[in-house]
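Q: Pasting final37.cif here (mmCIF, C-alpha atoms; chains and numbers go by the auth columns):
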data_run
loop_
_atom_site.group_PDB
_atom_site.id
_atom_site.type_symbol
_atom_site.label_atom_id
_atom_site.label_comp_id
_atom_site.label_asym_id
_atom_site.label_seq_id
_atom_site.Cartn_x
_atom_site.Cartn_y
_atom_site.Cartn_z
_atom_site.B_iso_or_equiv
_atom_site.auth_seq_id
_atom_site.auth_asym_id
ATOM 1 C CA MET A 1 74.196 8.508 341.813 0.00 1 L
ATOM 2 C CA ASN A 2 75.217 5.417 343.727 0.00 2 L
ATOM 3 C CA CYS A 3 79.021 5.493 344.081 0.00 3 L
ATOM 4 C CA THR A 4 79.357 1.732 344.304 0.00 4 L
ATOM 5 C CA LYS A 5 77.121 0.927 341.319 0.00 5 L
ATOM 6 C CA THR A 6 78.701 3.617 339.150 0.00 6 L
ATOM 7 C CA GLY A 7 82.183 2.455 340.117 0.00 7 L
ATOM 8 C CA LEU A 8 81.399 -1.161 339.312 0.00 8 L
ATOM 9 C CA LEU A 9 79.954 -0.129 335.945 0.00 9 L
ATOM 10 C CA ILE A 10 83.064 1.894 335.084 0.00 10 L
ATOM 11 C CA ALA A 11 85.269 -1.058 336.064 0.00 11 L
ATOM 12 C CA GLN A 12 83.232 -3.505 333.968 0.00 12 L
ATOM 13 C CA LEU A 13 83.146 -1.239 330.913 0.00 13 L
ATOM 14 C CA ARG A 14 86.880 -0.603 331.211 0.00 14 L
ATOM 15 C CA LYS A 15 87.618 -4.321 331.406 0.00 15 L
ATOM 16 C CA ASP A 16 85.283 -5.012 328.467 0.00 16 L
ATOM 17 C CA LYS A 17 87.376 -2.591 326.390 0.00 17 L
ATOM 18 C CA ASN A 18 90.586 -4.261 327.613 0.00 18 L
ATOM 19 C CA ILE A 19 92.085 -1.068 328.981 0.00 19 L
ATOM 20 C CA THR A 20 93.867 -0.600 332.288 0.00 20 L
ATOM 21 C CA GLN A 21 93.092 1.978 334.932 0.00 21 L
ATOM 22 C CA LYS A 22 96.291 3.739 333.922 0.00 22 L
ATOM 23 C CA GLN A 23 95.265 3.863 330.252 0.00 23 L
ATOM 24 C CA LEU A 24 91.825 5.242 331.130 0.00 24 L
ATOM 25 C CA ALA A 25 93.451 7.791 333.411 0.00 25 L
ATOM 26 C CA GLU A 26 95.791 8.896 330.620 0.00 26 L
ATOM 27 C CA MET A 27 92.856 9.276 328.190 0.00 27 L
ATOM 28 C CA MET A 28 91.155 11.559 330.704 0.00 28 L
ATOM 29 C CA HIS A 29 94.297 13.366 331.940 0.00 29 L
ATOM 30 C CA LEU A 30 93.788 12.029 335.471 0.00 30 L
ATOM 31 C CA SER A 31 95.732 9.791 337.828 0.00 31 L
ATOM 32 C CA ASP A 32 95.149 6.058 337.963 0.00 32 L
ATOM 33 C CA ARG A 33 94.450 6.529 341.679 0.00 33 L
ATOM 34 C CA THR A 34 91.389 8.570 340.736 0.00 34 L
ATOM 35 C CA ILE A 35 90.076 5.769 338.510 0.00 35 L
ATOM 36 C CA SER A 36 90.748 3.249 341.281 0.00 36 L
ATOM 37 C CA LYS A 37 88.856 5.388 343.776 0.00 37 L
ATOM 38 C CA TRP A 38 85.805 5.531 341.471 0.00 38 L
ATOM 39 C CA GLU A 39 85.869 1.794 340.826 0.00 39 L
ATOM 40 C CA ARG A 40 86.018 1.022 344.553 0.00 40 L
ATOM 41 C CA GLY A 41 83.042 3.313 345.215 0.00 41 L
ATOM 42 C CA MET A 42 85.152 5.720 347.253 0.00 42 L
ATOM 43 C CA GLY A 43 84.222 8.681 345.078 0.00 43 L
ATOM 44 C CA THR A 44 82.459 9.612 341.894 0.00 44 L
ATOM 45 C CA PRO A 45 83.563 11.376 338.736 0.00 45 L
ATOM 46 C CA ASP A 46 83.137 15.120 338.682 0.00 46 L
ATOM 47 C CA VAL A 47 80.119 16.203 336.647 0.00 47 L
ATOM 48 C CA SER A 48 82.472 17.857 334.137 0.00 48 L
ATOM 49 C CA LEU A 49 83.927 14.405 333.317 0.00 49 L
ATOM 50 C CA LEU A 50 80.663 12.537 332.701 0.00 50 L
ATOM 51 C CA THR A 51 80.495 13.359 328.980 0.00 51 L
ATOM 52 C CA ASP A 52 84.072 12.156 328.429 0.00 52 L
ATOM 53 C CA ILE A 53 83.451 8.912 330.298 0.00 53 L
ATOM 54 C CA ALA A 54 80.207 8.291 328.427 0.00 54 L
ATOM 55 C CA ASP A 55 81.965 8.923 325.097 0.00 55 L
ATOM 56 C CA ILE A 56 84.870 6.600 325.915 0.00 56 L
ATOM 57 C CA PHE A 57 82.518 3.747 326.764 0.00 57 L
ATOM 58 C CA ASN A 58 79.870 4.591 324.165 0.00 58 L
ATOM 59 C CA ILE A 59 77.055 4.882 326.708 0.00 59 L
ATOM 60 C CA ASN A 60 74.778 7.737 327.658 0.00 60 L
ATOM 61 C CA ILE A 61 75.229 9.797 330.798 0.00 61 L
ATOM 62 C CA GLU A 62 71.980 8.478 332.291 0.00 62 L
ATOM 63 C CA THR A 63 73.356 4.934 332.144 0.00 63 L
ATOM 64 C CA LEU A 64 76.525 6.093 333.867 0.00 64 L
ATOM 65 C CA LEU A 65 74.565 7.858 336.602 0.00 65 L
ATOM 66 C CA ASN A 66 72.269 4.852 337.110 0.00 66 L
ATOM 67 C CA GLY A 67 75.270 2.560 337.367 0.00 67 L
ATOM 68 C CA GLU A 68 73.714 -0.114 335.189 0.00 68 L
ATOM 69 C CA ILE A 69 72.969 -0.917 331.594 0.00 69 L
ATOM 70 C CA ILE A 70 69.310 -1.646 331.013 0.00 70 L
ATOM 71 C CA ASN A 71 68.545 -3.869 328.052 0.00 71 L
ATOM 72 C CA ASN A 72 65.327 -3.143 326.206 0.00 72 L
ATOM 73 C CA ASN A 73 63.461 -5.728 324.180 0.00 73 L
ATOM 74 C CA ILE A 74 63.031 -5.277 320.438 0.00 74 L
ATOM 75 C CA VAL A 75 59.642 -6.425 319.200 0.00 75 L
ATOM 76 C CA GLY A 76 58.744 -6.372 315.508 0.00 76 L
ATOM 77 C CA GLY A 77 61.572 -4.011 314.633 0.00 77 L
ATOM 78 C CA ARG A 78 60.465 -1.509 317.246 0.00 78 L
ATOM 79 C CA LEU A 79 62.039 -0.899 320.580 0.00 79 L
ATOM 80 C CA LYS A 80 59.710 -1.975 323.378 0.00 80 L
ATOM 81 C CA GLN A 81 60.416 -0.079 326.559 0.00 81 L
ATOM 82 C CA LYS A 82 59.708 -1.817 329.801 0.00 82 L
ATOM 83 C CA SER A 83 56.668 -0.632 331.701 0.00 83 L
ATOM 84 C CA ASN A 84 57.005 0.532 335.289 0.00 84 L
ATOM 85 C CA LYS A 85 55.449 -2.776 336.316 0.00 85 L
ATOM 86 C CA GLU A 86 58.176 -4.688 334.448 0.00 86 L
ATOM 87 C CA LYS A 87 60.938 -2.349 335.641 0.00 87 L
ATOM 88 C CA TYR A 88 60.053 -2.583 339.304 0.00 88 L
ATOM 89 C CA ASN A 89 58.401 -6.018 339.412 0.00 89 L
ATOM 90 C CA THR A 90 55.252 -4.602 340.941 0.00 90 L
ATOM 91 C CA GLU A 91 51.870 -6.240 340.633 0.00 91 L
#
When written as structure tokens, how does the structure in this file appear?
A:
Amino acid sequence: MNCTKTGLLIAQLRKDKNITQKQLAEMMHLSDRTISKWERGMGTPDVSLLTDIADIFNINIETLLNGEIINNNIVGGRLKQKSNKEKYNTE
């Protein structure tokens, strides 16, 4: 888990839902200082909190750990996952 990427993702998702750090902290029974620390990349959520965070933002835990949302393409009604070549831009 990259602290900075995960923190930036949490901040973006929180802002997208129009909630403050204090409101998120209250939902999770934490201090707003804790949320601030995550968002600045100065720490990461405890593993016991990952499910709650993922539920609040309607994402999966893997996305949270990766620190980014990966969009997949839908082709012909089926989800087309990116190949390793596409994911990593290798030739």
Q: Mind telling me what the PyMOL selection byres ((chain L and resi 62-65) around 9) catches here, as a list of chain:residue names?
A: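 The output of the PyMOL selection byres ((chain L and resi 62-65) around 9) on this file is L:Met1, L:Asn2, L:Lys5, L:Thr6, L:Leu9, L:Ile10, L:Leu50, L:Ile53, L:Ala54, L:Ile59, L:Asn60, L:Ile61, L:Asn66, L:Gly67, L:Glu68, L:Ile69, L:Ile70.
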Q: Could you list, as a ChimeraX atom specification, every residue within 9 Å of Lys22 (chain L), counting only C-alpha atoms and ignoring same-chain residues fewer than 3 positions away?
A: /L:19,25-27,30-33,35
Q: I want to know what sits within 9 Å of Ala11 (chain L), based on all atoms listed in the file, with residues of the same chain fewer than 5 positions away left out; could you give that as an MDAnalysis selection string?
A: chainID L and resid 6 16 21 35:36 38:40
Q: Pick the closest to Cys3 (chain L) from L:Ile56, L:Met28, L:Met42, L:Val47: which is it, counting only C-alpha atoms?
A: L:Met42
Q: Please, what distance in Å, to one decimal, runs between CA of Lys17 (chain L) and CA of Asp55 (chain L)?
A: 12.8 Å
Q: What gap, in Å, lies between CA of Leu8 (chain L) and CA of Leu24 (chain L)?
A: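 Interatomic distance here is 14.7 Å.
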Q: Of the residues L:Gly41, L:Thr51, L:Asn58, L:Asn71, which is the one nearest to Arg14 (chain L), using only C-alpha atoms?
A: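 The answer is L:Asn58, which sits nearest to Arg14 (chain L).
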